[in-house]
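Raw data-v5.txt, compact mmCIF, C-alpha atoms:
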```
# COMPACT_ATOMS: atom_id res chain seq x y z
CA MET N 168 19.88 0.70 14.58
CA SER N 169 20.37 -2.54 12.66
CA ASN N 170 18.82 -4.95 15.15
CA GLN N 171 16.22 -2.71 16.65
CA SER N 172 13.26 -5.00 16.15
CA GLU N 173 13.86 -8.22 18.05
CA SER N 174 16.66 -7.76 20.48
CA PRO N 175 16.28 -9.55 23.83
CA ASN N 176 18.78 -7.12 25.27
CA PRO N 177 17.09 -5.36 28.24
CA THR N 178 18.68 -2.01 27.48
CA SER N 179 17.13 -1.84 24.07
CA SER N 180 13.81 -3.21 25.28
CA SER N 181 13.46 0.02 27.24
CA ASN N 182 12.83 1.66 23.89
CA LYS N 183 9.14 1.01 24.08
CA ILE N 184 6.48 3.56 23.60
CA THR N 185 3.04 3.38 25.11
CA LEU N 186 0.05 4.45 23.08
CA LYS N 187 -3.40 5.00 24.51
CA THR N 188 -6.38 4.85 22.20
CA SER N 189 -9.69 6.73 22.36
CA ASP N 190 -11.37 3.65 23.85
CA ASN N 191 -8.71 3.57 26.60
CA GLU N 192 -6.73 0.59 25.40
CA VAL N 193 -3.01 0.74 26.03
CA PHE N 194 -0.51 -0.55 23.48
CA GLU N 195 3.16 -0.93 24.17
CA VAL N 196 5.07 -0.84 20.90
CA GLU N 197 8.69 -0.83 19.89
CA GLU N 198 10.12 2.53 19.15
CA ALA N 199 10.82 1.56 15.53
CA VAL N 200 7.12 0.86 15.04
CA ALA N 201 5.95 4.01 16.79
CA MET N 202 8.34 6.13 14.74
CA LYS N 203 6.57 5.08 11.55
CA PHE N 204 3.57 6.95 12.89
CA CYS N 205 4.71 10.49 12.18
CA THR N 206 2.15 11.94 14.56
CA VAL N 207 3.67 9.93 17.40
CA LYS N 208 7.18 10.75 16.25
CA GLN N 209 6.29 14.43 16.26
CA TYR N 210 4.85 14.18 19.75
CA PHE N 211 7.97 12.41 20.89
CA ASP N 212 10.30 14.92 19.26
CA ASP N 213 8.45 17.82 20.85
CA GLU N 214 8.55 16.07 24.20
CA ASN N 215 12.27 15.48 23.92
CA ASN N 216 12.87 19.10 23.03
CA ASN N 217 10.85 20.40 25.93
CA ASN N 218 11.95 17.95 28.55
CA VAL N 219 15.64 17.12 28.56
CA THR N 220 15.63 15.89 32.15
CA SER N 221 15.51 12.14 31.70
CA GLY N 222 15.56 9.38 29.13
CA THR N 223 13.12 7.18 30.96
CA SER N 224 10.41 5.99 28.65
CA THR N 225 7.37 6.45 30.82
CA THR N 226 5.77 8.57 28.14
CA LEU N 227 2.22 7.65 27.43
CA ILE N 228 1.03 9.06 24.17
CA PRO N 229 -2.70 9.63 23.91
CA LEU N 230 -4.31 9.01 20.53
CA PRO N 231 -7.75 10.55 21.00
CA ASN N 232 -8.73 10.01 17.36
CA VAL N 233 -7.73 6.36 17.03
CA GLU N 234 -9.61 3.34 18.32
CA SER N 235 -7.92 0.15 19.42
CA HIS N 236 -9.27 -1.99 16.59
CA PRO N 237 -7.63 -0.13 13.68
CA LEU N 238 -4.53 0.60 15.75
CA ALA N 239 -3.93 -3.10 16.40
CA ILE N 240 -4.19 -3.77 12.65
CA LEU N 241 -1.86 -0.89 11.81
CA ILE N 242 0.71 -2.11 14.33
CA THR N 243 0.64 -5.60 12.81
CA TYR N 244 1.01 -4.12 9.34
CA CYS N 245 3.82 -1.85 10.47
CA LYS N 246 5.79 -4.62 12.19
CA LYS N 247 5.62 -6.78 9.10
CA HIS N 248 6.57 -3.82 6.95
CA LEU N 249 9.71 -3.23 9.03
CA GLU N 250 10.51 -6.91 9.11
CA ILE N 251 10.29 -7.27 5.32
CA LYS N 252 12.41 -4.17 4.92
CA ALA N 253 15.06 -5.49 7.33
CA ASN N 254 15.13 -8.92 5.67
CA ASN N 255 15.69 -7.44 2.24
CA ALA N 256 17.84 -4.49 3.12
CA ASP N 257 20.11 -5.08 0.15
CA ASN N 258 17.52 -6.10 -2.40
CA LYS N 259 14.81 -3.64 -3.23
CA LYS N 260 13.18 -5.87 -5.83
CA GLU N 261 12.87 -8.78 -3.40
CA MET N 262 11.50 -6.44 -0.79
CA GLU N 263 8.79 -5.23 -3.14
CA ILE N 264 7.82 -8.78 -4.06
CA ASP N 265 7.60 -9.82 -0.39
CA MET N 266 5.63 -6.71 0.46
CA GLU N 267 3.18 -7.24 -2.38
CA HIS N 268 2.65 -10.81 -1.34
CA TYR N 269 2.08 -9.85 2.27
CA GLU N 270 -0.31 -7.04 1.33
CA ARG N 271 -2.36 -9.30 -0.92
CA GLU N 272 -2.81 -11.82 1.90
CA PHE N 273 -3.44 -9.06 4.40
CA LEU N 274 -6.33 -7.62 2.39
CA LYS N 275 -8.14 -10.95 2.37
CA ASN N 276 -8.83 -10.42 6.07
CA VAL N 277 -9.98 -6.82 5.84
CA MET N 278 -13.67 -5.97 5.46
CA PRO N 279 -14.74 -2.94 3.41
CA GLN N 280 -16.13 -1.35 6.58
CA GLU N 281 -12.75 -1.71 8.24
CA LEU N 282 -11.03 0.12 5.39
CA THR N 283 -12.70 3.34 6.42
CA GLU N 284 -11.43 3.28 9.98
CA LEU N 285 -8.02 2.08 8.83
CA ILE N 286 -7.73 4.97 6.39
CA LEU N 287 -8.81 7.46 9.07
CA ALA N 288 -6.40 6.00 11.61
CA ALA N 289 -3.48 5.86 9.16
CA ASN N 290 -4.24 9.43 8.16
CA TYR N 291 -4.39 10.65 11.75
CA LEU N 292 -1.18 8.83 12.64
CA ASN N 293 0.39 10.15 9.44
CA PHE N 294 1.57 6.66 8.54
CA LYS N 295 2.06 7.22 4.84
CA GLU N 296 2.77 3.69 3.62
CA ALA N 297 -0.38 2.36 5.28
CA LEU N 298 -2.50 5.27 4.10
CA ASP N 299 -1.39 4.72 0.51
CA PHE N 300 -1.84 0.99 0.82
CA PHE N 301 -5.43 1.17 2.07
CA CYS N 302 -6.41 3.95 -0.33
CA ARG N 303 -4.95 1.94 -3.20
CA ALA N 304 -6.95 -1.05 -2.00
CA VAL N 305 -10.17 0.95 -2.19
CA ALA N 306 -9.21 2.29 -5.61
CA SER N 307 -8.61 -1.18 -7.01
CA ALA N 308 -11.83 -2.47 -5.48
CA ILE N 309 -13.88 0.05 -7.51
CA GLN N 310 -11.77 0.12 -10.67
CA ASN N 311 -13.97 -0.42 -13.73
CA LYS N 312 -16.80 -1.73 -11.59
CA SER N 313 -20.39 -0.86 -12.45
CA VAL N 314 -21.90 2.24 -10.89
CA GLU N 315 -24.35 0.12 -8.89
CA TYR N 316 -21.53 -2.06 -7.59
CA VAL N 317 -19.53 0.95 -6.42
CA ARG N 318 -22.60 2.49 -4.77
CA LYS N 319 -23.17 -0.74 -2.87
CA PHE N 320 -19.52 -1.00 -1.93
CA PHE N 321 -19.62 2.53 -0.54
CA GLY N 322 -23.11 2.13 0.91
CA LEU N 323 -24.33 5.02 -1.21
CA GLU N 324 -27.60 5.86 -2.85
CA SER N 325 -28.05 8.17 -5.75
CA ASP N 326 -29.51 11.51 -4.69
CA PHE N 327 -29.65 12.99 -8.15
CA LYS N 328 -32.77 14.60 -9.54
CA PRO N 329 -34.52 12.63 -12.26
CA GLY N 330 -32.62 12.95 -15.51
CA GLU N 331 -29.48 14.33 -13.92
CA GLU N 332 -27.71 10.98 -13.82
CA GLU N 333 -28.55 10.29 -17.47
CA LYS N 334 -27.18 13.68 -18.41
CA LEU N 335 -23.90 13.01 -16.60
CA ARG N 336 -23.67 9.60 -18.18
CA GLU N 337 -24.01 11.19 -21.60
CA GLU N 338 -21.63 14.04 -20.89
CA PHE N 339 -18.95 11.64 -19.64
CA ALA N 340 -19.79 8.77 -21.97
CA TRP N 341 -16.10 8.44 -22.84
CA SER N 342 -15.28 7.55 -19.26
CA PHE N 343 -17.78 4.68 -19.11
CA GLU N 344 -16.10 2.65 -21.84
CA GLY N 345 -14.85 -0.62 -20.38
CA VAL N 346 -16.78 -0.13 -17.14
CA ASP N 347 -18.96 -3.08 -16.09
CA GLU N 348 -22.64 -2.76 -16.95
CA ASP N 349 -25.13 -2.53 -14.09
CA MET V 266 -32.24 5.61 30.11
CA VAL V 267 -29.49 3.36 28.89
CA CYS V 268 -31.38 2.75 25.72
CA SER V 269 -31.73 6.41 24.91
CA ALA V 270 -28.06 7.09 25.54
CA GLU V 271 -27.23 4.17 23.31
CA SER V 272 -29.48 5.33 20.53
CA THR V 273 -28.12 8.87 20.46
CA SER V 274 -24.52 7.70 20.31
CA LYS V 275 -25.29 5.29 17.50
CA ARG V 276 -27.77 7.53 15.76
CA GLN V 277 -28.76 6.51 12.24
CA LYS V 278 -25.74 4.37 11.62
CA PRO V 279 -26.76 1.26 9.75
CA GLU V 280 -24.00 -1.28 9.24
CA GLU V 281 -23.11 -0.57 5.64
CA ALA V 282 -24.14 3.05 5.54
CA ASP V 283 -22.05 5.39 3.51
CA ARG V 284 -18.86 4.73 5.39
CA ILE V 285 -16.04 5.12 2.93
CA SER V 286 -18.05 7.79 1.20
CA ASN V 287 -18.16 9.77 4.46
CA LEU V 288 -14.40 10.17 4.56
CA PRO V 289 -13.18 13.76 4.23
CA LYS V 290 -12.88 14.95 0.65
CA SER V 291 -9.09 15.10 0.86
CA LEU V 292 -8.97 11.35 1.62
CA LEU V 293 -11.48 10.49 -1.08
CA CYS V 294 -9.30 12.43 -3.52
CA HIS V 295 -6.31 10.48 -2.30
CA ILE V 296 -8.19 7.26 -3.11
CA LEU V 297 -9.07 8.58 -6.57
CA SER V 298 -5.44 9.52 -7.18
CA PHE V 299 -4.67 5.81 -7.52
CA LEU V 300 -6.95 5.64 -10.56
CA THR V 301 -6.51 7.04 -14.06
CA THR V 302 -8.44 10.20 -14.84
CA LYS V 303 -10.92 8.21 -16.90
CA GLU V 304 -11.59 5.89 -13.97
CA ALA V 305 -11.90 8.79 -11.54
CA VAL V 306 -14.40 10.63 -13.75
CA VAL V 307 -16.78 7.66 -13.62
CA THR V 308 -17.30 8.32 -9.89
CA SER V 309 -19.01 11.64 -10.72
CA ILE V 310 -22.19 9.65 -11.25
CA LEU V 311 -22.28 8.06 -7.77
CA SER V 312 -24.06 10.87 -5.95
CA SER V 313 -24.13 14.65 -5.74
CA ARG V 314 -21.24 14.68 -3.26
CA TRP V 315 -19.11 12.76 -5.74
CA LYS V 316 -20.18 14.77 -8.77
CA THR V 317 -17.24 17.17 -8.76
CA LEU V 318 -14.88 15.34 -6.43
CA TRP V 319 -12.70 14.04 -9.26
CA THR V 320 -11.95 17.61 -10.32
CA LEU V 321 -9.97 18.07 -7.07
CA VAL V 322 -7.70 15.06 -7.57
CA PRO V 323 -4.11 16.37 -7.90
CA LYS V 324 -3.20 13.79 -10.49
CA LEU V 325 -4.08 13.72 -14.19
CA ASP V 326 -3.45 10.53 -16.07
CA PHE V 327 -4.44 10.23 -19.73
CA ASP V 328 -3.67 7.38 -22.03
CA TYR V 329 -4.66 7.48 -25.69
CA TYR V 330 -5.43 3.76 -25.78
CA GLU V 331 -7.49 3.85 -22.65
CA LEU V 332 -9.57 6.79 -23.84
CA THR V 333 -10.13 6.11 -27.51
CA THR V 334 -11.82 2.75 -27.41
CA THR V 335 -14.87 5.03 -27.53
CA SER V 336 -14.39 6.04 -31.15
CA SER V 337 -14.23 2.42 -32.24
CA SER V 338 -17.89 1.85 -31.46
CA ALA V 339 -19.02 4.24 -34.17
CA GLU V 340 -22.62 3.08 -34.33
CA VAL V 341 -23.03 3.73 -30.60
CA GLN V 342 -21.41 7.13 -30.99
CA SER V 343 -23.75 8.23 -33.76
CA ASN V 344 -26.71 7.86 -31.40
CA LYS V 345 -25.20 10.25 -28.91
CA ARG V 346 -25.35 13.97 -28.70
CA TYR V 347 -21.65 14.41 -27.99
CA ASN V 348 -18.73 13.23 -30.00
CA PHE V 349 -15.38 12.80 -28.32
CA ASN V 350 -11.83 12.52 -29.45
CA PHE V 351 -8.73 12.36 -27.33
CA ALA V 352 -7.87 16.07 -27.49
CA HIS V 353 -11.48 17.05 -26.72
CA ILE V 354 -11.56 14.82 -23.68
CA VAL V 355 -8.26 16.04 -22.25
CA SER V 356 -9.15 19.70 -22.88
CA ARG V 357 -12.55 19.25 -21.32
CA VAL V 358 -11.05 17.69 -18.20
CA TRP V 359 -8.62 20.60 -17.88
CA ALA V 360 -11.48 23.07 -18.24
CA LEU V 361 -13.68 21.34 -15.64
CA ARG V 362 -10.91 21.16 -13.06
CA SER V 363 -10.50 24.93 -13.30
CA ALA V 364 -7.86 26.03 -10.79
CA SER V 365 -7.23 22.83 -8.78
CA GLN V 366 -3.61 22.02 -8.09
CA VAL V 367 -1.86 19.36 -10.15
CA GLN V 368 1.02 17.34 -8.72
CA LYS V 369 1.30 14.71 -11.37
CA PHE V 370 0.51 14.93 -15.06
CA ARG V 371 0.85 11.79 -17.12
CA LEU V 372 -0.05 11.84 -20.80
CA HIS V 373 0.59 9.07 -23.26
CA TRP V 374 -0.30 10.18 -26.78
CA ASP V 375 1.73 7.93 -28.99
CA HIS V 376 -1.02 7.20 -31.46
CA GLY V 377 -3.73 9.04 -33.34
CA VAL V 378 -3.54 12.59 -34.60
CA TYR V 379 -0.95 14.24 -32.42
CA ASP V 380 -1.37 17.97 -32.01
CA PRO V 381 1.59 19.94 -30.57
CA VAL V 382 -0.53 23.02 -29.86
CA HIS V 383 -2.79 21.09 -27.53
CA MET V 384 0.18 19.45 -25.91
CA ASP V 385 1.85 22.80 -25.34
CA THR V 386 -1.34 24.21 -23.80
CA TRP V 387 -1.70 21.33 -21.35
CA VAL V 388 1.92 21.33 -20.27
CA ARG V 389 1.69 25.06 -19.61
CA ALA V 390 -1.53 24.53 -17.67
CA ALA V 391 0.17 21.83 -15.58
CA ILE V 392 3.12 24.08 -14.82
CA ALA V 393 0.82 26.94 -13.88
CA ARG V 394 -0.89 24.63 -11.38
CA GLY V 395 2.31 23.63 -9.67
CA VAL V 396 3.01 20.26 -11.30
CA GLU V 397 5.91 18.30 -9.75
CA ASP V 398 5.93 15.19 -11.86
CA ILE V 399 5.38 15.13 -15.63
CA ASP V 400 5.32 11.91 -17.62
CA LEU V 401 4.86 12.47 -21.37
CA ASN V 402 5.02 9.84 -24.03
CA ILE V 403 4.34 11.26 -27.47
CA ASP V 404 4.92 10.30 -31.08
CA PRO V 405 4.95 13.48 -33.16
CA ASN V 406 5.00 11.46 -36.38
CA SER V 407 1.84 9.53 -35.75
CA ASN V 408 -1.36 10.38 -37.52
```
I need this file expressed as structure tokens, please.
Amino acid sequence: MSNQSESPNPTSSSNKITLKTSDNEVFEVEEAVAMKFCTVKQYFDDENNNNVTSGTSTTLIPLPNVESHPLAILITYCKKHLEIKANNADNKKEMEIDMEHYEREFLKNVMPQELTELILAANYLNFKEALDFFCRAVASAIQNKSVEYVRKFFGLESDFKPGEEEKLREEFAWSFEGVDED
Amino acid sequence: MVCSAESTSKRQKPEEADRISNLPKSLLCHILSFLTTKEAVVTSILSSRWKTLWTLVPKLDFDYYELTTTSSSAEVQSNKRYNFNFAHIVSRVWALRSASQVQKFRLHWDHGVYDPVHMDTWVRAAIARGVEDIDLNIDPNSN
């Protein structure tokens, strides 16, 4: 288990899992990566339970709710996640620092529109670390931002009746302290 | 022909339109769970879909300092119909959430007029709603 990620050994390279996205792209990933996606792991576990005949890894796992674009990003994120974990196996603090650094850089290349599909894909794959990471990213993007800013960020328009918004603003006045003005 | 097929599959989907906001409520709540309760409540004003979303977030996070900057701006307060103090705010939030589940309850009340009866009520409410993680920081001697 210790050197699962980058072994040139042909016997361990057989531990690849093939994923097929909704737009018919095929991804071959290492087992360690695929196992972070609990939905895939579950599929695999069920398969193993039902079919004890062979260990050949010809399994192709269909992911009808995931497109190739977010999946490619999640795989990159996952690989790095595992790598950082492996490099700092004995130092949790260091691991957290490395992870934070990586995540900060990572977010610079993610568009707000991509966050939606990444959250949906991470949720479908049941990849908890990624789901939390992207949800946290959205949360910090809107934290204490003005209402107009957040509406723009979400691509939303107010559909309140006249006066309703003012009433809410008054009722929850305490929550608007420290929030940016429009 | 091709055009019509194209237009039905991409129906009314402008680039920036309402994408994050279209996520299922459970995921939007998950996003809001990374904010304090005060920060989550602000989103009630975004649109009618968001109006009560914060009440479903399974995390409550109250901090006296964060919530009581309000009372410092007394002249602004006097112009308003409602007057808030920490205990009012927390009680009101509990009332508005009604029966939603609570996983995490964080309350830091180490300043101001501490009231054990309120505290007792909220902790009981949290337990009744299945709380798993309680983080209390109180100073019973403060006033």
Item to check | Within 7 Å of chain V: residues of chain N, using all atoms listed in the file, as a ChimeraX atom specification | outcome: /N:280,283,302-303,305-306,310-311,314,318,321-327,332,335,341-344
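If you look at CA of Leu372 (chain V) and CA of Ala340 (chain N), they are 20.0 Å away from each other.
Taking CA of Arg394 (chain V) as the reference point, CA of Asp380 (chain V) is found at 21.7 Å.
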Checklist entry - What is the CA of Gln366 (chain V) to CA of Trp387 (chain V) distance in Å? => result 13.4 Å
Checklist entry - Got a sec: who's within 9 Å of Ala288 (chain N), counting all atoms listed in the file, leaving out chain neighbours fewer than 4 positions off, as a list in words? => result Asn232, Val233, Glu234, Pro237, Leu238, Leu241, Thr283, Glu284, Leu292, Asn293, Phe294 and Leu298 of chain N
Can you tell me, as a PDB file with C-alpha atoms, in the frame of the given file, which residues sit within 12 Å of (8.3, 18.0, -12.4) in the file's frame, using all atoms listed in the file?
```
ATOM      1  CA  VAL V 367      -1.860  19.360 -10.150  1.00  0.00           C
ATOM      2  CA  GLN V 368       1.020  17.340  -8.720  1.00  0.00           C
ATOM      3  CA  LYS V 369       1.300  14.710 -11.370  1.00  0.00           C
ATOM      4  CA  PHE V 370       0.510  14.930 -15.060  1.00  0.00           C
ATOM      5  CA  ARG V 371       0.850  11.790 -17.120  1.00  0.00           C
ATOM      6  CA  VAL V 388       1.920  21.330 -20.270  1.00  0.00           C
ATOM      7  CA  ALA V 391       0.170  21.830 -15.580  1.00  0.00           C
ATOM      8  CA  ILE V 392       3.120  24.080 -14.820  1.00  0.00           C
ATOM      9  CA  ALA V 393       0.820  26.940 -13.880  1.00  0.00           C
ATOM     10  CA  ARG V 394      -0.890  24.630 -11.380  1.00  0.00           C
ATOM     11  CA  GLY V 395       2.310  23.630  -9.670  1.00  0.00           C
ATOM     12  CA  VAL V 396       3.010  20.260 -11.300  1.00  0.00           C
ATOM     13  CA  GLU V 397       5.910  18.300  -9.750  1.00  0.00           C
ATOM     14  CA  ASP V 398       5.930  15.190 -11.860  1.00  0.00           C
ATOM     15  CA  ILE V 399       5.380  15.130 -15.630  1.00  0.00           C
ATOM     16  CA  ASP V 400       5.320  11.910 -17.620  1.00  0.00           C
ATOM     17  CA  LEU V 401       4.860  12.470 -21.370  1.00  0.00           C
TER      18      LEU V 401
END
```
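Every protein, DNA or RNA residue with an atom at most 8 Å from Ala297 (chain N), where all atoms listed in the file count and chain neighbours fewer than 3 positions away do not, is listed here: N:Leu241, N:Tyr244, N:Cys245, N:Ile286, N:Ala289, N:Phe294, N:Phe300, N:Phe301.
Among the candidates N:Ile309, N:Ala253, N:Ile242, N:Glu348, the residue lying nearest to Phe204 (chain N) is N:Ile242 (atoms considered: only C-alpha atoms).
For the choices N:Ser307, N:Thr185, N:Thr243, N:Asn276, the atom-to-atom distance to Val207 (chain N) is smallest for N:Thr185 when using all atoms listed in the file.
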Next on the checklist: Please list as a VMD selection string every residue within 9 Å of Lys312 (chain N), counting all atoms listed in the file and excluding residues in the same chain fewer than 3 positions away.
Outcome noted: chain N and resid 308 to 309 315 to 317 346 to 349
